[in-house]
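Dropping structure05.csv in here (CSV, N, CA and C atoms):
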```csv
chain,number,residue,atom,x,y,z
A,1,MET,N,34.5,41.5,-22.9
A,1,MET,CA,35.1,42.4,-22.0
A,1,MET,C,34.7,41.9,-20.6
A,2,THR,N,35.7,41.8,-19.7
A,2,THR,CA,35.4,41.4,-18.3
A,2,THR,C,34.6,42.4,-17.5
A,3,PRO,N,33.9,42.0,-16.5
A,3,PRO,CA,33.2,43.0,-15.7
A,3,PRO,C,34.1,44.1,-15.1
A,4,VAL,N,35.3,43.7,-14.7
A,4,VAL,CA,36.3,44.6,-14.1
A,4,VAL,C,36.7,45.6,-15.1
A,5,THR,N,37.0,45.2,-16.3
A,5,THR,CA,37.4,46.1,-17.4
A,5,THR,C,36.3,47.0,-17.8
A,6,ARG,N,35.1,46.5,-17.8
A,6,ARG,CA,33.9,47.3,-18.2
A,6,ARG,C,33.7,48.4,-17.1
A,7,GLN,N,33.9,48.1,-15.9
A,7,GLN,CA,33.7,49.1,-14.8
A,7,GLN,C,34.8,50.1,-14.9
A,8,GLU,N,36.0,49.7,-15.3
A,8,GLU,CA,37.1,50.6,-15.4
A,8,GLU,C,36.9,51.6,-16.6
A,9,VAL,N,36.4,51.1,-17.7
A,9,VAL,CA,36.1,51.9,-18.9
A,9,VAL,C,35.0,52.9,-18.5
A,10,LEU,N,33.9,52.4,-17.9
A,10,LEU,CA,32.8,53.3,-17.6
A,10,LEU,C,33.2,54.3,-16.6
A,11,GLY,N,34.1,54.0,-15.6
A,11,GLY,CA,34.6,54.9,-14.7
A,11,GLY,C,35.5,56.0,-15.3
A,12,LEU,N,36.3,55.6,-16.3
A,12,LEU,CA,37.0,56.7,-17.1
A,12,LEU,C,36.1,57.6,-17.8
A,13,TYR,N,35.0,57.0,-18.4
A,13,TYR,CA,34.1,57.8,-19.2
A,13,TYR,C,33.4,58.9,-18.3
A,14,ARG,N,33.0,58.4,-17.1
A,14,ARG,CA,32.4,59.3,-16.1
A,14,ARG,C,33.4,60.4,-15.6
A,15,LYS,N,34.6,59.9,-15.4
A,15,LYS,CA,35.6,60.8,-14.9
A,15,LYS,C,35.9,62.0,-15.9
A,16,ILE,N,35.9,61.6,-17.2
A,16,ILE,CA,36.1,62.6,-18.3
A,16,ILE,C,35.0,63.6,-18.2
A,17,PHE,N,33.7,63.2,-18.1
A,17,PHE,CA,32.6,64.1,-18.1
A,17,PHE,C,32.6,65.0,-16.8
A,18,ARG,N,33.0,64.4,-15.7
A,18,ARG,CA,33.2,65.2,-14.5
A,18,ARG,C,34.2,66.3,-14.7
A,19,ILE,N,35.3,65.9,-15.3
A,19,ILE,CA,36.4,66.9,-15.6
A,19,ILE,C,35.9,68.0,-16.5
A,20,ALA,N,35.1,67.6,-17.5
A,20,ALA,CA,34.6,68.6,-18.5
A,20,ALA,C,33.6,69.5,-17.8
A,21,LYS,N,32.9,69.0,-16.8
A,21,LYS,CA,31.9,69.9,-16.1
A,21,LYS,C,32.6,71.0,-15.3
A,22,LYS,N,33.7,70.6,-14.7
A,22,LYS,CA,34.5,71.5,-13.9
A,22,LYS,C,35.6,72.3,-14.6
A,23,TRP,N,35.8,72.0,-15.9
A,23,TRP,CA,36.9,72.5,-16.6
A,23,TRP,C,36.9,74.1,-16.7
A,24,GLN,N,38.1,74.6,-16.5
A,24,GLN,CA,38.3,76.1,-16.6
A,24,GLN,C,39.5,76.3,-17.5
A,25,SER,N,39.3,77.1,-18.5
A,25,SER,CA,40.4,77.3,-19.5
A,25,SER,C,41.5,78.1,-18.8
A,26,ALA,N,42.7,77.9,-19.4
A,26,ALA,CA,43.9,78.6,-18.8
A,26,ALA,C,43.8,80.1,-18.9
A,27,SER,N,43.1,80.6,-20.0
A,27,SER,CA,43.0,82.0,-20.1
A,27,SER,C,41.9,82.6,-19.2
A,28,GLY,N,40.9,81.8,-18.8
A,28,GLY,CA,39.9,82.3,-17.9
A,28,GLY,C,38.7,82.9,-18.7
A,29,GLN,N,38.8,82.9,-20.0
A,29,GLN,CA,37.7,83.5,-20.8
A,29,GLN,C,36.5,82.5,-20.9
A,30,ILE,N,35.3,83.0,-20.7
A,30,ILE,CA,34.1,82.2,-20.7
A,30,ILE,C,34.0,81.5,-22.1
A,31,GLU,N,34.2,82.2,-23.2
A,31,GLU,CA,34.0,81.6,-24.5
A,31,GLU,C,35.0,80.4,-24.7
A,32,GLU,N,36.2,80.7,-24.3
A,32,GLU,CA,37.2,79.6,-24.5
A,32,GLU,C,36.9,78.4,-23.6
A,33,THR,N,36.5,78.7,-22.4
A,33,THR,CA,36.1,77.6,-21.5
A,33,THR,C,35.0,76.7,-22.0
A,34,ILE,N,34.0,77.4,-22.6
A,34,ILE,CA,32.9,76.6,-23.2
A,34,ILE,C,33.4,75.8,-24.4
A,35,LYS,N,34.2,76.4,-25.2
A,35,LYS,CA,34.7,75.7,-26.3
A,35,LYS,C,35.6,74.5,-25.9
A,36,GLU,N,36.4,74.6,-24.9
A,36,GLU,CA,37.2,73.5,-24.4
A,36,GLU,C,36.4,72.4,-23.8
A,37,LYS,N,35.3,72.8,-23.0
A,37,LYS,CA,34.4,71.8,-22.5
A,37,LYS,C,33.8,71.0,-23.5
A,38,GLU,N,33.3,71.7,-24.6
A,38,GLU,CA,32.7,70.9,-25.7
A,38,GLU,C,33.6,70.0,-26.4
A,39,TYR,N,34.9,70.5,-26.5
A,39,TYR,CA,35.9,69.6,-27.2
A,39,TYR,C,36.1,68.4,-26.3
A,40,ILE,N,36.2,68.5,-25.0
A,40,ILE,CA,36.5,67.4,-24.2
A,40,ILE,C,35.3,66.4,-24.3
A,41,LYS,N,34.1,66.9,-24.3
A,41,LYS,CA,32.9,66.0,-24.4
A,41,LYS,C,32.9,65.3,-25.7
A,42,ASN,N,33.0,66.1,-26.8
A,42,ASN,CA,33.0,65.5,-28.1
A,42,ASN,C,34.1,64.5,-28.4
A,43,GLU,N,35.3,64.8,-27.9
A,43,GLU,CA,36.4,63.9,-28.1
A,43,GLU,C,36.2,62.6,-27.4
A,44,ALA,N,35.6,62.7,-26.2
A,44,ALA,CA,35.4,61.4,-25.4
A,44,ALA,C,34.3,60.6,-26.1
A,45,LYS,N,33.2,61.3,-26.5
A,45,LYS,CA,32.1,60.5,-27.1
A,45,LYS,C,32.6,59.8,-28.4
A,46,THR,N,33.4,60.6,-29.2
A,46,THR,CA,33.8,60.0,-30.5
A,46,THR,C,34.7,58.8,-30.3
A,47,LEU,N,35.7,59.0,-29.4
A,47,LEU,CA,36.7,57.9,-29.2
A,47,LEU,C,36.0,56.7,-28.5
A,48,PHE,N,35.2,56.9,-27.5
A,48,PHE,CA,34.5,55.8,-26.8
A,48,PHE,C,33.6,55.0,-27.7
A,49,ARG,N,32.8,55.8,-28.5
A,49,ARG,CA,31.9,55.1,-29.5
A,49,ARG,C,32.7,54.4,-30.6
A,50,LYS,N,33.8,54.9,-31.0
A,50,LYS,CA,34.6,54.3,-32.0
A,50,LYS,C,35.2,52.9,-31.5
A,51,ASN,N,35.5,52.9,-30.2
A,51,ASN,CA,36.2,51.7,-29.7
A,51,ASN,C,35.2,50.8,-28.9
A,52,LYS,N,33.9,51.0,-29.0
A,52,LYS,CA,33.0,50.2,-28.1
A,52,LYS,C,32.9,48.8,-28.5
A,53,ASN,N,33.3,48.4,-29.8
A,53,ASN,CA,33.2,47.0,-30.2
A,53,ASN,C,34.5,46.3,-30.1
A,54,VAL,N,35.5,46.9,-29.5
A,54,VAL,CA,36.8,46.3,-29.4
A,54,VAL,C,36.7,45.2,-28.4
A,55,THR,N,37.2,44.0,-28.7
A,55,THR,CA,37.2,42.9,-27.8
A,55,THR,C,38.5,42.3,-27.4
A,56,ASP,N,39.6,42.7,-28.0
A,56,ASP,CA,40.9,42.3,-27.7
A,56,ASP,C,41.4,42.9,-26.4
A,57,PRO,N,41.7,42.1,-25.4
A,57,PRO,CA,42.1,42.6,-24.1
A,57,PRO,C,43.3,43.5,-24.1
A,58,LYS,N,44.3,43.1,-24.9
A,58,LYS,CA,45.5,44.0,-25.0
A,58,LYS,C,45.2,45.3,-25.6
A,59,LEU,N,44.4,45.4,-26.6
A,59,LEU,CA,44.0,46.6,-27.3
A,59,LEU,C,43.1,47.5,-26.3
A,60,ILE,N,42.3,46.8,-25.5
A,60,ILE,CA,41.5,47.6,-24.6
A,60,ILE,C,42.4,48.2,-23.5
A,61,LYS,N,43.4,47.4,-23.0
A,61,LYS,CA,44.3,47.9,-22.1
A,61,LYS,C,45.1,49.1,-22.6
A,62,GLN,N,45.5,49.0,-23.9
A,62,GLN,CA,46.2,50.1,-24.5
A,62,GLN,C,45.3,51.4,-24.6
A,63,TYR,N,44.0,51.2,-24.9
A,63,TYR,CA,43.1,52.4,-25.0
A,63,TYR,C,42.9,53.0,-23.6
A,64,ILE,N,42.8,52.1,-22.6
A,64,ILE,CA,42.7,52.6,-21.2
A,64,ILE,C,43.9,53.4,-20.8
A,65,GLU,N,45.1,52.9,-21.1
A,65,GLU,CA,46.3,53.6,-20.8
A,65,GLU,C,46.4,55.0,-21.5
A,66,GLU,N,46.0,55.0,-22.8
A,66,GLU,CA,46.0,56.2,-23.6
A,66,GLU,C,45.0,57.2,-22.9
A,67,CYS,N,43.9,56.8,-22.5
A,67,CYS,CA,42.9,57.6,-21.9
A,67,CYS,C,43.4,58.2,-20.6
A,68,GLU,N,44.0,57.4,-19.8
A,68,GLU,CA,44.5,57.9,-18.5
A,68,GLU,C,45.7,58.9,-18.8
A,69,ALA,N,46.5,58.6,-19.8
A,69,ALA,CA,47.6,59.5,-20.1
A,69,ALA,C,47.1,60.9,-20.5
A,70,ARG,N,46.1,60.9,-21.4
A,70,ARG,CA,45.5,62.1,-21.9
A,70,ARG,C,44.8,62.9,-20.8
A,71,ILE,N,44.2,62.2,-19.9
A,71,ILE,CA,43.6,62.9,-18.7
A,71,ILE,C,44.7,63.6,-17.9
A,72,GLU,N,45.7,62.8,-17.5
A,72,GLU,CA,46.8,63.4,-16.7
A,72,GLU,C,47.5,64.6,-17.4
A,73,ILE,N,47.8,64.4,-18.7
A,73,ILE,CA,48.5,65.5,-19.4
A,73,ILE,C,47.6,66.7,-19.5
A,74,GLY,N,46.3,66.5,-19.8
A,74,GLY,CA,45.4,67.6,-19.9
A,74,GLY,C,45.2,68.4,-18.5
A,75,LEU,N,45.1,67.6,-17.4
A,75,LEU,CA,45.0,68.3,-16.1
A,75,LEU,C,46.3,69.0,-15.7
A,76,HIS,N,47.4,68.3,-16.0
A,76,HIS,CA,48.7,68.9,-15.6
A,76,HIS,C,49.0,70.2,-16.4
A,77,TYR,N,48.8,70.2,-17.7
A,77,TYR,CA,49.1,71.4,-18.5
A,77,TYR,C,47.9,72.4,-18.7
A,78,ASN,N,46.7,71.9,-18.2
A,78,ASN,CA,45.5,72.7,-18.3
A,78,ASN,C,45.2,73.0,-19.8
A,79,ILE,N,45.4,72.0,-20.6
A,79,ILE,CA,45.1,72.1,-22.0
A,79,ILE,C,44.4,70.8,-22.4
A,80,PRO,N,43.2,70.9,-22.9
A,80,PRO,CA,42.4,69.7,-23.3
A,80,PRO,C,42.9,69.0,-24.6
A,81,TYR,N,43.6,69.7,-25.4
A,81,TYR,CA,44.0,69.2,-26.7
A,81,TYR,C,45.3,68.4,-26.6
A,82,PRO,N,45.5,67.4,-27.4
A,82,PRO,CA,46.7,66.6,-27.3
A,82,PRO,C,47.9,67.4,-27.6
A,83,ARG,N,49.0,67.2,-26.9
A,83,ARG,CA,50.2,68.0,-27.0
A,83,ARG,C,50.9,67.5,-28.3
A,84,PRO,N,51.4,68.5,-29.1
A,84,PRO,CA,52.0,68.1,-30.3
A,84,PRO,C,53.4,67.4,-30.1
A,85,ILE,N,53.8,66.6,-31.0
A,85,ILE,CA,55.1,65.9,-30.9
A,85,ILE,C,55.9,66.4,-32.1
A,86,HIS,N,57.2,66.4,-31.9
A,86,HIS,CA,58.1,66.8,-32.9
A,86,HIS,C,59.0,65.7,-33.3
A,87,LEU,N,58.7,65.1,-34.5
A,87,LEU,CA,59.5,64.0,-35.0
A,87,LEU,C,60.3,64.6,-36.2
A,88,PRO,N,61.5,64.1,-36.3
A,88,PRO,CA,62.4,64.6,-37.4
A,88,PRO,C,61.7,64.2,-38.8
A,89,PRO,N,61.9,65.1,-39.7
A,89,PRO,CA,61.3,64.8,-41.1
A,89,PRO,C,62.0,63.7,-41.7
A,90,MET,N,61.4,63.1,-42.7
A,90,MET,CA,62.0,61.9,-43.4
A,90,MET,C,62.7,62.3,-44.6
A,91,GLY,N,63.6,63.3,-44.5
A,91,GLY,CA,64.3,63.9,-45.6
A,91,GLY,C,65.4,63.0,-46.1
A,92,LEU,N,66.0,62.1,-45.3
A,92,LEU,CA,67.1,61.4,-45.8
A,92,LEU,C,66.8,60.1,-46.5
A,93,ALA,N,65.6,59.6,-46.4
A,93,ALA,CA,65.2,58.4,-47.0
A,93,ALA,C,64.8,58.6,-48.5
A,94,HIS,N,65.1,57.5,-49.2
A,94,HIS,CA,64.7,57.5,-50.6
A,94,HIS,C,63.2,57.3,-50.7
A,95,LYS,N,62.6,57.5,-51.8
A,95,LYS,CA,61.1,57.4,-52.0
A,95,LYS,C,60.6,56.0,-51.8
A,96,GLN,N,61.5,55.0,-51.9
A,96,GLN,CA,61.2,53.6,-51.7
A,96,GLN,C,62.3,52.9,-51.2
A,97,GLY,N,62.1,51.7,-50.6
A,97,GLY,CA,63.2,50.9,-50.2
A,97,GLY,C,63.2,50.7,-48.7
A,98,ARG,N,64.2,50.0,-48.2
A,98,ARG,CA,64.3,49.6,-46.9
A,98,ARG,C,64.5,50.7,-45.9
A,99,THR,N,65.3,51.7,-46.3
A,99,THR,CA,65.5,52.9,-45.4
A,99,THR,C,64.2,53.6,-45.1
A,100,LEU,N,63.4,53.8,-46.1
A,100,LEU,CA,62.1,54.5,-45.9
A,100,LEU,C,61.2,53.7,-45.0
A,101,ARG,N,61.1,52.4,-45.2
A,101,ARG,CA,60.3,51.6,-44.3
A,101,ARG,C,60.8,51.6,-42.9
A,102,HIS,N,62.1,51.6,-42.8
A,102,HIS,CA,62.7,51.6,-41.4
A,102,HIS,C,62.4,53.0,-40.7
A,103,GLN,N,62.5,54.1,-41.5
A,103,GLN,CA,62.2,55.4,-40.9
A,103,GLN,C,60.7,55.5,-40.5
A,104,GLU,N,59.8,55.0,-41.4
A,104,GLU,CA,58.4,55.0,-41.1
A,104,GLU,C,58.1,54.2,-39.8
A,105,LYS,N,58.8,53.0,-39.7
A,105,LYS,CA,58.6,52.2,-38.5
A,105,LYS,C,59.0,52.9,-37.2
A,106,LEU,N,60.2,53.6,-37.3
A,106,LEU,CA,60.7,54.3,-36.2
A,106,LEU,C,59.8,55.4,-35.8
A,107,ARG,N,59.2,56.2,-36.8
A,107,ARG,CA,58.3,57.2,-36.5
A,107,ARG,C,57.0,56.7,-35.8
A,108,LYS,N,56.5,55.6,-36.3
A,108,LYS,CA,55.3,55.0,-35.7
A,108,LYS,C,55.6,54.5,-34.2
A,109,ILE,N,56.7,53.9,-34.0
A,109,ILE,CA,57.1,53.5,-32.7
A,109,ILE,C,57.3,54.6,-31.7
A,110,SER,N,57.8,55.7,-32.2
A,110,SER,CA,58.2,56.8,-31.3
A,110,SER,C,57.0,57.7,-31.0
A,111,LYS,N,55.8,57.5,-31.5
A,111,LYS,CA,54.6,58.3,-31.3
A,111,LYS,C,54.2,58.0,-29.8
A,112,PRO,N,54.0,59.0,-29.0
A,112,PRO,CA,53.5,58.8,-27.6
A,112,PRO,C,52.2,58.1,-27.5
A,113,ILE,N,51.9,57.5,-26.4
A,113,ILE,CA,50.7,56.7,-26.2
A,113,ILE,C,49.5,57.6,-26.3
A,114,TYR,N,49.6,58.8,-25.8
A,114,TYR,CA,48.4,59.7,-25.7
A,114,TYR,C,48.0,60.2,-27.1
A,115,LEU,N,48.8,59.9,-28.2
A,115,LEU,CA,48.4,60.4,-29.5
A,115,LEU,C,48.0,59.2,-30.4
A,116,LYS,N,48.0,58.0,-30.0
A,116,LYS,CA,47.7,56.9,-30.8
A,116,LYS,C,46.4,57.0,-31.6
A,117,SER,N,45.3,57.3,-30.9
A,117,SER,CA,44.0,57.4,-31.6
A,117,SER,C,43.7,58.8,-32.1
A,118,HIS,N,44.5,59.8,-31.7
A,118,HIS,CA,44.1,61.1,-32.2
A,118,HIS,C,44.1,61.3,-33.7
A,119,ASP,N,45.1,60.8,-34.3
A,119,ASP,CA,45.3,60.9,-35.8
A,119,ASP,C,44.2,60.1,-36.5
A,120,GLU,N,43.7,59.0,-35.9
A,120,GLU,CA,42.7,58.2,-36.5
A,120,GLU,C,41.3,59.0,-36.6
A,121,VAL,N,41.1,59.8,-35.6
A,121,VAL,CA,39.8,60.5,-35.5
A,121,VAL,C,39.8,61.8,-36.2
A,122,SER,N,40.8,62.6,-36.0
A,122,SER,CA,40.9,63.9,-36.5
A,122,SER,C,41.3,64.0,-38.0
```
Would you write the structure of this file as structure tokens?
Amino acid sequence: MTPVTRQEVLGLYRKIFRIAKKWQSASGQIEETIKEKEYIKNEAKTLFRKNKNVTDPKLIKQYIEECEARIEIGLHYNIPYPRPIHLPPMGLAHKQGRTLRHQEKLRKISKPIYLKSHDEVS
């Protein structure tokens, strides 16, 4: 990891914890605010620790973009949890074959960047 990339990653980590410190839930309830603050901290710790040994520059860049996207979406909607996506069900494909593989590929490609690592952790 280059020093510039390292500083960028550490800056994002600090930014997330500053956001968690100032976080206020949309409902304004103290219990919910505390719960959301803990979720932000735990999610950041889990994902950053999971990816600390990644050395591929392209993969690091992808994780940085995902982190920035999740920060922006969380701040914009005032929801710390990843937004759900709605993909069409795979009802038309057979249980095996080219059509099923093609639909699985399309579903994987259509997944937004801010949800790439969410399914791996949760």
Skipping near chain neighbours, those fewer than 4 positions away, what residues fall within 7 Å of region 7-20 of chain A using only C-alpha atoms, listed as a CSV table (one decimal) with N, CA and C atoms, in the coordinates of the input?
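selection15.csv was written with the following content:
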```csv
chain,number,residue,atom,x,y,z
A,3,PRO,N,33.9,42.0,-16.5
A,3,PRO,CA,33.2,43.0,-15.7
A,3,PRO,C,34.1,44.1,-15.1
A,37,LYS,N,35.3,72.8,-23.0
A,37,LYS,CA,34.4,71.8,-22.5
A,37,LYS,C,33.8,71.0,-23.5
A,40,ILE,N,36.2,68.5,-25.0
A,40,ILE,CA,36.5,67.4,-24.2
A,40,ILE,C,35.3,66.4,-24.3
A,41,LYS,N,34.1,66.9,-24.3
A,41,LYS,CA,32.9,66.0,-24.4
A,41,LYS,C,32.9,65.3,-25.7
```
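Computed from the coordinates, the CA of Val4 (chain A) to CA of Pro57 (chain A) distance equals 11.7 Å.
In this structure, CA of Glu72 (chain A) sits 20.5 Å away from atom N of Asn51 (chain A).
Across the structure, CA of Lys50 (chain A) and CA of Tyr63 (chain A) are spaced 11.2 Å apart.
Considering the residues A:Ile30, A:Ile79, A:Leu106, A:Ala44 and counting only C-alpha atoms, Glu66 (chain A) has its shortest atom-to-atom contact with A:Ala44.
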Would you place a box with edges along x, y and z of the file around all atoms of region 9-25 of chain A listed there, add 6 Å to each of its six sides, and report the centre and edge lengths in Å to one decimal, as JSON?
```
{"center_x": 36.7, "center_y": 64.6, "center_z": -16.7, "size_x": 21.6, "size_y": 39.0, "size_z": 17.6}
```
